[in-house]
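Peer 1: I am sharing run.txt, which consists of compact mmCIF, C-alpha atoms and all ligand atoms:
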```txt
# COMPACT_ATOMS: atom_id res chain seq x y z
CA MET A 25 -4.71 5.18 23.10
CA VAL A 26 -2.17 4.83 20.30
CA GLY A 27 -2.39 6.70 17.03
CA GLN A 28 -0.76 9.35 14.93
CA PRO A 29 -1.99 11.98 15.62
CA VAL A 30 -3.86 11.57 18.94
CA ALA A 31 -3.36 14.98 20.52
CA HIS A 32 -6.99 15.98 19.94
CA SER A 33 -8.52 12.61 20.75
CA ARG A 34 -11.60 12.77 22.99
CA SER A 35 -11.11 9.19 24.19
CA PRO A 36 -9.20 10.07 27.41
CA PHE A 37 -12.12 12.32 28.43
CA ILE A 38 -14.68 9.61 27.61
CA HIS A 39 -12.84 6.81 29.44
CA ALA A 40 -12.17 8.96 32.51
CA LEU A 41 -15.92 9.57 32.76
CA PHE A 42 -16.72 5.88 32.20
CA ALA A 43 -14.32 4.95 35.01
CA GLU A 44 -15.85 7.52 37.34
CA LEU A 45 -19.41 6.36 36.58
CA THR A 46 -18.59 2.67 37.05
CA CYS A 47 -16.23 3.16 40.03
CA GLN A 48 -13.27 1.65 38.16
CA GLN A 49 -9.64 2.67 38.62
CA LEU A 50 -8.32 3.51 35.18
CA LEU A 51 -5.44 5.48 33.78
CA TYR A 52 -5.94 6.25 30.08
CA GLY A 53 -3.44 8.37 28.17
CA ARG A 54 -2.16 9.05 24.69
CA LEU A 55 0.76 7.44 22.84
CA ALA A 56 1.89 8.78 19.48
CA PRO A 57 4.87 6.69 18.35
CA ALA A 58 6.74 7.25 15.12
CA VAL A 59 4.99 5.23 12.41
CA GLU A 60 7.75 2.59 12.24
CA ALA A 61 7.83 2.21 16.06
CA PHE A 62 4.22 1.13 16.64
CA GLU A 63 4.88 -2.52 17.62
CA MET A 64 7.81 -1.54 19.84
CA GLU A 65 5.71 1.04 21.64
CA VAL A 66 2.85 -1.42 22.23
CA ASN A 67 5.27 -4.02 23.63
CA ARG A 68 6.95 -1.44 25.85
CA PHE A 69 3.59 -0.27 27.19
CA ARG A 70 2.58 -3.87 27.88
CA GLN A 71 5.86 -4.69 29.64
CA GLU A 72 5.41 -1.65 31.84
CA GLY A 73 2.10 -3.03 33.07
CA GLY A 74 -0.39 -1.64 30.54
CA GLN A 75 -3.51 -3.81 30.39
CA GLY A 76 -5.06 -2.68 27.16
CA LEU A 77 -5.09 -0.09 24.41
CA ASN A 78 -7.26 1.63 21.91
CA VAL A 79 -5.68 1.92 18.50
CA THR A 80 -6.52 4.46 15.87
CA LEU A 81 -5.21 5.56 12.49
CA PRO A 82 -2.91 4.57 10.94
CA PHE A 83 -2.25 1.50 13.10
CA LYS A 84 -5.46 -0.56 13.17
CA GLU A 85 -4.29 -3.25 10.73
CA ARG A 86 -0.91 -3.60 12.44
CA ALA A 87 -2.62 -3.88 15.83
CA PHE A 88 -4.70 -6.75 14.48
CA HIS A 89 -1.59 -8.54 13.22
CA MET A 90 0.10 -8.27 16.62
CA ALA A 91 -2.66 -10.25 18.33
CA ASP A 92 -2.59 -13.89 19.43
CA ARG A 93 -6.40 -14.08 19.43
CA ALA A 94 -9.08 -11.90 17.88
CA SER A 95 -12.86 -11.50 17.85
CA ASP A 96 -14.81 -12.43 14.74
CA ARG A 97 -15.52 -8.79 13.99
CA ALA A 98 -11.80 -7.93 14.13
CA ARG A 99 -10.97 -10.93 11.94
CA VAL A 100 -13.51 -9.92 9.32
CA ALA A 101 -12.35 -6.29 9.32
CA GLY A 102 -8.68 -7.35 9.41
CA ALA A 103 -8.20 -4.42 11.77
CA ALA A 104 -8.43 -3.77 15.50
CA ASN A 105 -9.20 -0.66 17.53
CA THR A 106 -8.98 -2.45 20.88
CA LEU A 107 -6.21 -4.59 22.37
CA LEU A 108 -6.43 -6.45 25.66
CA PHE A 109 -3.31 -7.85 27.33
CA ASP A 110 -3.77 -10.86 29.56
CA LYS A 111 -1.94 -14.01 30.63
CA THR A 112 -2.71 -15.73 27.34
CA GLY A 113 -1.27 -12.91 25.23
CA ILE A 114 -2.78 -10.13 23.12
CA TYR A 115 -6.47 -10.19 22.26
CA ALA A 116 -7.74 -7.93 19.46
CA ASP A 117 -11.24 -6.62 18.95
CA ASN A 118 -12.89 -4.08 16.68
CA THR A 119 -15.69 -2.16 18.36
CA ASP A 120 -16.28 0.45 15.64
CA GLY A 121 -19.12 -1.40 13.93
CA VAL A 122 -21.05 -2.21 17.06
CA GLY A 123 -20.54 1.42 18.12
CA LEU A 124 -22.18 2.62 14.91
CA VAL A 125 -25.00 0.07 15.13
CA ARG A 126 -25.77 1.00 18.75
CA ASP A 127 -25.74 4.70 18.00
CA LEU A 128 -28.16 4.20 15.10
CA THR A 129 -30.50 1.75 16.79
CA GLN A 130 -30.43 2.76 20.45
CA ASN A 131 -29.48 6.44 20.59
CA LEU A 132 -31.16 7.49 17.36
CA GLY A 133 -33.96 4.93 17.46
CA LEU A 134 -33.65 3.59 13.91
CA PRO A 135 -34.15 -0.15 13.47
CA LEU A 136 -31.79 -1.44 10.79
CA GLU A 137 -33.61 -4.66 10.03
CA GLY A 138 -35.35 -4.27 6.67
CA SER A 139 -33.82 -0.84 6.08
CA ARG A 140 -32.12 0.43 2.94
CA ILE A 141 -28.63 1.70 3.67
CA LEU A 142 -26.29 3.72 1.47
CA LEU A 143 -22.74 3.43 2.82
CA ILE A 144 -20.34 5.89 1.18
CA GLY A 145 -16.60 5.21 1.21
CA ALA A 146 -14.31 2.20 0.96
CA GLY A 147 -11.44 3.04 3.32
CA GLY A 148 -10.75 1.77 6.83
CA ALA A 149 -13.86 3.36 8.31
CA ALA A 150 -16.21 1.50 5.95
CA ARG A 151 -14.24 -1.74 6.38
CA GLY A 152 -14.77 -1.66 10.15
CA VAL A 153 -18.54 -1.29 9.98
CA LEU A 154 -19.67 -3.29 6.96
CA MET A 155 -20.17 -6.69 8.63
CA PRO A 156 -21.90 -5.30 11.75
CA LEU A 157 -24.32 -3.42 9.45
CA LEU A 158 -24.98 -6.51 7.31
CA GLU A 159 -25.61 -8.58 10.45
CA GLN A 160 -28.56 -6.34 11.28
CA LYS A 161 -30.37 -7.83 8.26
CA PRO A 162 -31.03 -4.65 6.30
CA GLN A 163 -33.07 -5.01 3.10
CA ARG A 164 -30.08 -3.70 1.14
CA VAL A 165 -26.68 -2.16 1.65
CA LEU A 166 -25.26 -0.23 -1.28
CA LEU A 167 -21.56 0.46 -0.89
CA ALA A 168 -20.71 3.46 -3.06
CA ASN A 169 -17.26 4.91 -3.56
CA ARG A 170 -15.61 7.47 -5.80
CA THR A 171 -13.20 4.71 -6.88
CA VAL A 172 -15.48 1.78 -7.58
CA THR A 173 -12.69 -0.81 -7.65
CA ARG A 174 -11.91 -0.12 -3.98
CA ALA A 175 -15.56 -0.69 -3.06
CA GLN A 176 -15.58 -3.94 -5.05
CA ALA A 177 -12.43 -5.16 -3.30
CA LEU A 178 -13.77 -4.19 0.14
CA CYS A 179 -17.10 -5.87 -0.42
CA HIS A 180 -15.45 -9.03 -1.76
CA ASP A 181 -12.99 -9.14 1.17
CA VAL A 182 -15.59 -8.64 3.88
CA LEU A 183 -18.11 -11.10 2.42
CA THR A 184 -15.42 -13.76 1.90
CA ARG A 185 -14.03 -13.39 5.42
CA MET A 186 -17.49 -13.26 6.90
CA LYS A 187 -18.25 -16.63 5.32
CA GLU A 188 -14.93 -18.10 6.54
CA VAL A 189 -15.11 -16.69 10.05
CA THR A 190 -18.82 -16.83 10.90
CA GLY A 191 -20.19 -19.21 8.25
CA LYS A 192 -22.78 -16.58 7.30
CA THR A 193 -23.48 -15.55 3.74
CA THR A 194 -25.09 -12.26 2.82
CA GLN A 195 -25.09 -9.69 0.05
CA CYS A 196 -23.82 -6.19 -0.49
CA GLU A 197 -24.23 -4.13 -3.65
CA VAL A 198 -21.44 -1.98 -5.02
CA ARG A 199 -21.62 1.15 -7.17
CA GLU A 200 -19.50 4.05 -8.26
CA LEU A 201 -20.65 7.04 -6.23
CA GLU A 202 -21.62 9.03 -9.32
CA GLY A 203 -23.87 6.19 -10.40
CA VAL A 204 -26.16 6.37 -7.36
CA GLY A 205 -29.48 7.41 -8.80
CA ARG A 206 -32.89 8.46 -7.54
CA GLU A 207 -33.40 5.35 -5.45
CA PRO A 208 -34.74 5.69 -1.92
CA PHE A 209 -32.52 5.03 1.10
CA ASP A 210 -33.59 5.07 4.72
CA ILE A 211 -30.10 5.76 6.03
CA VAL A 212 -27.19 7.44 4.27
CA ILE A 213 -23.85 6.97 6.03
CA ASN A 214 -20.69 8.89 5.20
CA ALA A 215 -17.63 6.72 5.86
CA THR A 216 -15.27 8.78 3.71
CA SER A 217 -12.54 10.93 5.15
CA SER A 218 -13.70 13.87 3.03
CA SER A 219 -15.05 15.93 5.94
CA LEU A 220 -11.43 16.27 7.08
CA GLY A 221 -10.56 18.20 3.94
CA ASN A 222 -12.54 20.79 2.08
CA GLU A 223 -13.66 18.49 -0.70
CA LEU A 224 -17.01 16.75 -0.50
CA PRO A 225 -18.05 13.47 -2.07
CA GLN A 226 -20.29 14.03 -5.06
CA VAL A 227 -23.40 12.36 -3.68
CA PRO A 228 -26.42 12.75 -5.92
CA PRO A 229 -28.73 15.16 -4.02
CA ALA A 230 -31.73 12.87 -4.52
CA ALA A 231 -30.16 10.36 -2.11
CA PHE A 232 -30.66 12.75 0.82
CA GLY A 233 -34.23 13.93 0.49
CA ALA A 234 -36.00 10.68 1.24
CA ALA A 235 -33.65 9.45 3.99
CA LEU A 236 -34.85 9.11 7.55
CA LEU A 237 -31.32 9.88 8.67
CA VAL A 238 -28.07 11.14 7.17
CA TYR A 239 -25.16 10.08 9.33
CA ASP A 240 -21.54 11.21 9.21
CA MET A 241 -19.08 8.88 10.95
CA MET A 242 -16.88 11.95 11.37
CA TYR A 243 -17.70 14.72 13.81
CA GLY A 244 -16.99 18.39 13.52
CA LYS A 245 -14.73 20.19 15.94
CA GLU A 246 -16.84 23.27 15.44
CA GLY A 247 -20.44 22.43 14.72
CA GLU A 248 -21.82 20.47 11.84
CA THR A 249 -19.52 18.58 9.46
CA SER A 250 -19.34 19.81 5.89
CA PHE A 251 -20.97 16.55 4.74
CA LEU A 252 -24.00 17.08 6.96
CA ALA A 253 -24.25 20.73 5.94
CA MET A 254 -24.36 19.57 2.31
CA ALA A 255 -27.01 16.96 3.14
CA ARG A 256 -29.16 19.56 4.87
CA ALA A 257 -28.83 21.91 1.93
CA HIS A 258 -30.15 19.08 -0.26
CA GLY A 259 -33.20 18.55 1.93
CA ALA A 260 -32.05 15.99 4.54
CA LEU A 261 -34.58 16.03 7.36
CA ARG A 262 -32.49 14.52 10.11
CA CYS A 263 -28.71 14.49 10.48
CA ALA A 264 -26.34 13.02 13.04
CA ASP A 265 -22.58 13.13 13.42
CA GLY A 266 -20.28 10.36 14.65
CA LEU A 267 -19.93 11.54 18.23
CA GLY A 268 -22.46 8.97 19.43
CA MET A 269 -20.53 6.25 17.59
CA LEU A 270 -17.33 7.44 19.25
CA VAL A 271 -18.87 7.07 22.70
CA GLU A 272 -20.50 3.70 21.92
CA GLN A 273 -17.34 2.15 20.47
CA ALA A 274 -15.46 3.40 23.52
CA ALA A 275 -18.07 1.82 25.82
CA GLU A 276 -17.64 -1.53 24.09
CA SER A 277 -13.83 -1.29 24.45
CA PHE A 278 -14.28 -0.45 28.13
CA TYR A 279 -16.44 -3.56 28.42
CA VAL A 280 -13.73 -5.68 26.76
CA TRP A 281 -11.17 -4.46 29.31
CA ARG A 282 -13.31 -4.32 32.43
CA GLY A 283 -16.36 -6.52 31.94
CA VAL A 284 -18.59 -3.58 32.91
CA PHE A 285 -20.71 -1.66 30.40
CA PRO A 286 -20.66 2.05 31.21
CA PRO A 287 -23.68 4.35 30.82
CA THR A 288 -23.23 6.14 27.51
CA GLY A 289 -26.10 8.65 27.29
CA LEU A 290 -24.76 10.89 30.03
CA VAL A 291 -21.23 10.73 28.65
CA LEU A 292 -22.42 11.72 25.18
CA GLN A 293 -24.27 14.70 26.67
CA ARG A 294 -21.21 15.79 28.63
CA LEU A 295 -18.98 15.38 25.57
CA ARG A 296 -21.27 17.57 23.45
CA MET A 297 -21.24 20.25 26.15
CA GLU A 298 -17.47 20.02 26.43
CA MET A 299 -17.07 20.49 22.66
CA LYS A 300 -19.21 23.62 22.47
P1 LIG B 1 -8.83 5.45 5.68
O1 LIG B 1 -8.60 4.02 5.38
O2 LIG B 1 -7.84 6.05 6.55
O3 LIG B 1 -10.26 5.75 6.03
P2 LIG B 1 -8.56 5.95 2.90
O4 LIG B 1 -8.17 4.53 2.70
O5 LIG B 1 -7.78 7.02 2.25
O6 LIG B 1 -8.55 6.32 4.40
O7 LIG B 1 -10.12 6.06 2.50
C1 LIG B 1 -10.76 7.26 2.51
C2 LIG B 1 -12.13 7.11 1.86
O8 LIG B 1 -12.68 8.41 1.68
C3 LIG B 1 -12.12 6.48 0.49
O9 LIG B 1 -13.34 5.81 0.29
C4 LIG B 1 -12.00 7.70 -0.43
O10 LIG B 1 -12.47 7.49 -1.74
P3 LIG B 1 -11.46 6.87 -2.86
O11 LIG B 1 -11.36 5.40 -2.54
O12 LIG B 1 -12.13 7.12 -4.14
O13 LIG B 1 -10.16 7.60 -2.69
C5 LIG B 1 -12.94 8.61 0.29
N1 LIG B 1 -12.77 10.04 -0.03
C6 LIG B 1 -11.86 10.89 0.47
N2 LIG B 1 -12.03 12.12 -0.04
C7 LIG B 1 -13.08 12.04 -0.89
C8 LIG B 1 -13.76 12.97 -1.74
N3 LIG B 1 -13.40 14.24 -1.79
N4 LIG B 1 -14.81 12.52 -2.47
C9 LIG B 1 -15.20 11.23 -2.41
N5 LIG B 1 -14.61 10.31 -1.64
C10 LIG B 1 -13.56 10.71 -0.88
```
How would this structure read if it were set down as structure tokens?
Peer 2:
Amino acid sequence: MVGQPVAHSRSPFIHALFAELTCQQLLYGRLAPAVEAFEMEVNRFRQEGGQGLNVTLPFKERAFHMADRASDRARVAGAANTLLFDKTGIYADNTDGVGLVRDLTQNLGLPLEGSRILLIGAGGAARGVLMPLLEQKPQRVLLANRTVTRAQALCHDVLTRMKEVTGKTTQCEVRELEGVGREPFDIVINATSSSLGNELPQVPPAAFGAALLVYDMMYGKEGETSFLAMARAHGALRCADGLGMLVEQAAESFYVWRGVFPPTGLVLQRLRMEMK
């Protein structure tokens, strides 16, 4: 796994368990190169026999640009969290969106087709998941961000690339976060980085009360994230953090590398216990 920082990443724990459960031989460690040395470090790792990598902040876009081939979902996001090295070169994939979709639909039991989704944030996290969410055929996706111009640009980018890459056309609404009114949403997803700091996005409280689920793509090192605590205080009935997404995106990366899909439920349980 390459990122900066990666010292606290749970991915080595997750992949070690996947390997054990699927009887695969796998060595998975952490690389934290200086920001300017990312490409050099990836090439060195590959030359030394590395077969694949996960990539995290701030390198996902650069990882995508290093690739010779890429999946549709990586091409639409313009970013990769998974690299595979083989005889034909470097293959890039982005498993974040499918990780989120699987966590929502399979682990949390919420069908997305026909649902009304509020997606908050317009940074890298939102960029990685927008197309996979739209592909589930929700009734509406409202992309809301503190800075509305960033949400407009993200929506335009993803819809344009989606048309180019997959030939599919679909719609996504955009709003300034403050302008989200008393409209009902089934699922509210936080894709901002605000849980990392002490500030919270100013989400109108009415957005939480009617939701079947409030989801934070972040997860707390100690208990609930500040975003979910806020949602609960505003009447959210059901909340989930991004730990399930973390495990599901990892499982999809593992599948890209090994062609075997690991069992995720057990790993998520073990991870939650480990984090207590
Ligand atoms: P990354 O790409 O690494 O996820 P980013 O590009 O800085 O990081 O994006 C972070 C996202 O979190 C943005 O949507 C940001 O909103 P702005 O575009 O308005 O900056 C959002 N964000 C971070 N802190 C926030 C806060 N306190 N309130 C609302 N949104 C916040």
Peer 1: Determine the nearest neighbour of ligand LIG 1 (chain B) from the options A:Leu158, A:Ala175, A:Cys47, A:Ala146, counting only C-alpha atoms and all ligand atoms.
Peer 2: A:Ala146
Peer 1: Using all atoms listed in the file, find each residue of chain A with at least one atom at most 6 Å away from an atom of ligand LIG 1 (chain B); report its shortest atom-to-atom pair and that distance in Å (one decimal), sort the rows by chain and rising residue number, and return the result as a tab-separated table.
Peer 2:
```
residue	atom	partner	partner_atom	distance
A:Gly145	CA	B:LIG1	O9	3.4
A:Ala146	CA	B:LIG1	O9	3.8
A:Gly147	CA	B:LIG1	O7	3.4
A:Gly148	CA	B:LIG1	O1	3.4
A:Ala149	CA	B:LIG1	O3	4.9
A:Asn169	CA	B:LIG1	O9	5.6
A:Arg170	CA	B:LIG1	O12	3.9
A:Thr171	CA	B:LIG1	O12	3.8
A:Arg174	CA	B:LIG1	O11	5.7
A:Thr216	CA	B:LIG1	O8	3.3
A:Ser217	CA	B:LIG1	O8	4.3
A:Ser218	CA	B:LIG1	N2	3.9
A:Glu223	CA	B:LIG1	N3	4.4
A:Leu224	CA	B:LIG1	N3	4.6
A:Pro225	CA	B:LIG1	N4	3.4
```
Peer 1: Find the residue from A:Ile38, A:Thr193, A:Arg93, A:Gly152 that sits nearest to Leu267 (chain A); use all atoms listed in the file when measuring.
Peer 2: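 Answer, going by the shortest atom-to-atom distance: A:Ile38.
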Peer 1: Considering only C-alpha atoms, return as a PDB file with C-alpha atoms, in the frame of the given file whatever protein or nucleic-acid residues lie within 9 Å of Arg97 (chain A), sequence-local ones (same chain, fewer than 5 positions apart) excluded.
Peer 2:
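To be explicit, this is the file written out as result.pdb:
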```pdb
ATOM      1  CA  GLY A 102      -8.680  -7.350   9.410  1.00  0.00           C
ATOM      2  CA  ALA A 103      -8.200  -4.420  11.770  1.00  0.00           C
ATOM      3  CA  ALA A 104      -8.430  -3.770  15.500  1.00  0.00           C
ATOM      4  CA  ASP A 117     -11.240  -6.620  18.950  1.00  0.00           C
ATOM      5  CA  ASN A 118     -12.890  -4.080  16.680  1.00  0.00           C
ATOM      6  CA  THR A 119     -15.690  -2.160  18.360  1.00  0.00           C
ATOM      7  CA  GLY A 121     -19.120  -1.400  13.930  1.00  0.00           C
ATOM      8  CA  GLY A 152     -14.770  -1.660  10.150  1.00  0.00           C
ATOM      9  CA  MET A 155     -20.170  -6.690   8.630  1.00  0.00           C
ATOM     10  CA  PRO A 156     -21.900  -5.300  11.750  1.00  0.00           C
ATOM     11  CA  MET A 186     -17.490 -13.260   6.900  1.00  0.00           C
ATOM     12  CA  VAL A 189     -15.110 -16.690  10.050  1.00  0.00           C
TER      13      VAL A 189
END
```
Peer 1: Quick check, in Å to one decimal: how far apart do CA of Pro57 (chain A) and CA of Asp96 (chain A) lie?
Peer 2: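 Interatomic distance, CA of Pro57 (chain A) to CA of Asp96 (chain A): 27.7 Å.
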Peer 1: Using Å and a single decimal, report how far CA of Ala91 (chain A) sits from CA of Glu72 (chain A).
Peer 2: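 CA of Ala91 (chain A) lies 17.9 Å from CA of Glu72 (chain A).
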Peer 1: With only C-alpha atoms as the basis for distance, which of A:Asn214, A:Thr194, A:Ser139, A:Gln75 is at the shortest distance from Leu167 (chain A)?
Peer 2: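 Looking only at the distances to Leu167 (chain A), the closest residue turns out to be A:Asn214.
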Peer 1: Compare A:Gln49, A:Ser219, A:Gln71, A:Thr80 by their minimum atom-to-atom distance to Gln28 (chain A), counting all atoms listed in the file, and give me the closest one.
Peer 2: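 So, comparing all the options, the nearest one is A:Thr80.
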Peer 1: What gap, in Å, lies between CA of His32 (chain A) and CA of Leu292 (chain A)?
Peer 2: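 Value for the CA of His32 (chain A)-CA of Leu292 (chain A) distance: 16.8 Å.
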Peer 1: Which residue, A:Arg54, A:Leu183, A:Leu41, A:Asp127, has the smallest gap to Asp240 (chain A) when you use all atoms listed in the file?
Peer 2: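 With all atoms listed in the file as the atom set, the closest residue is A:Asp127.
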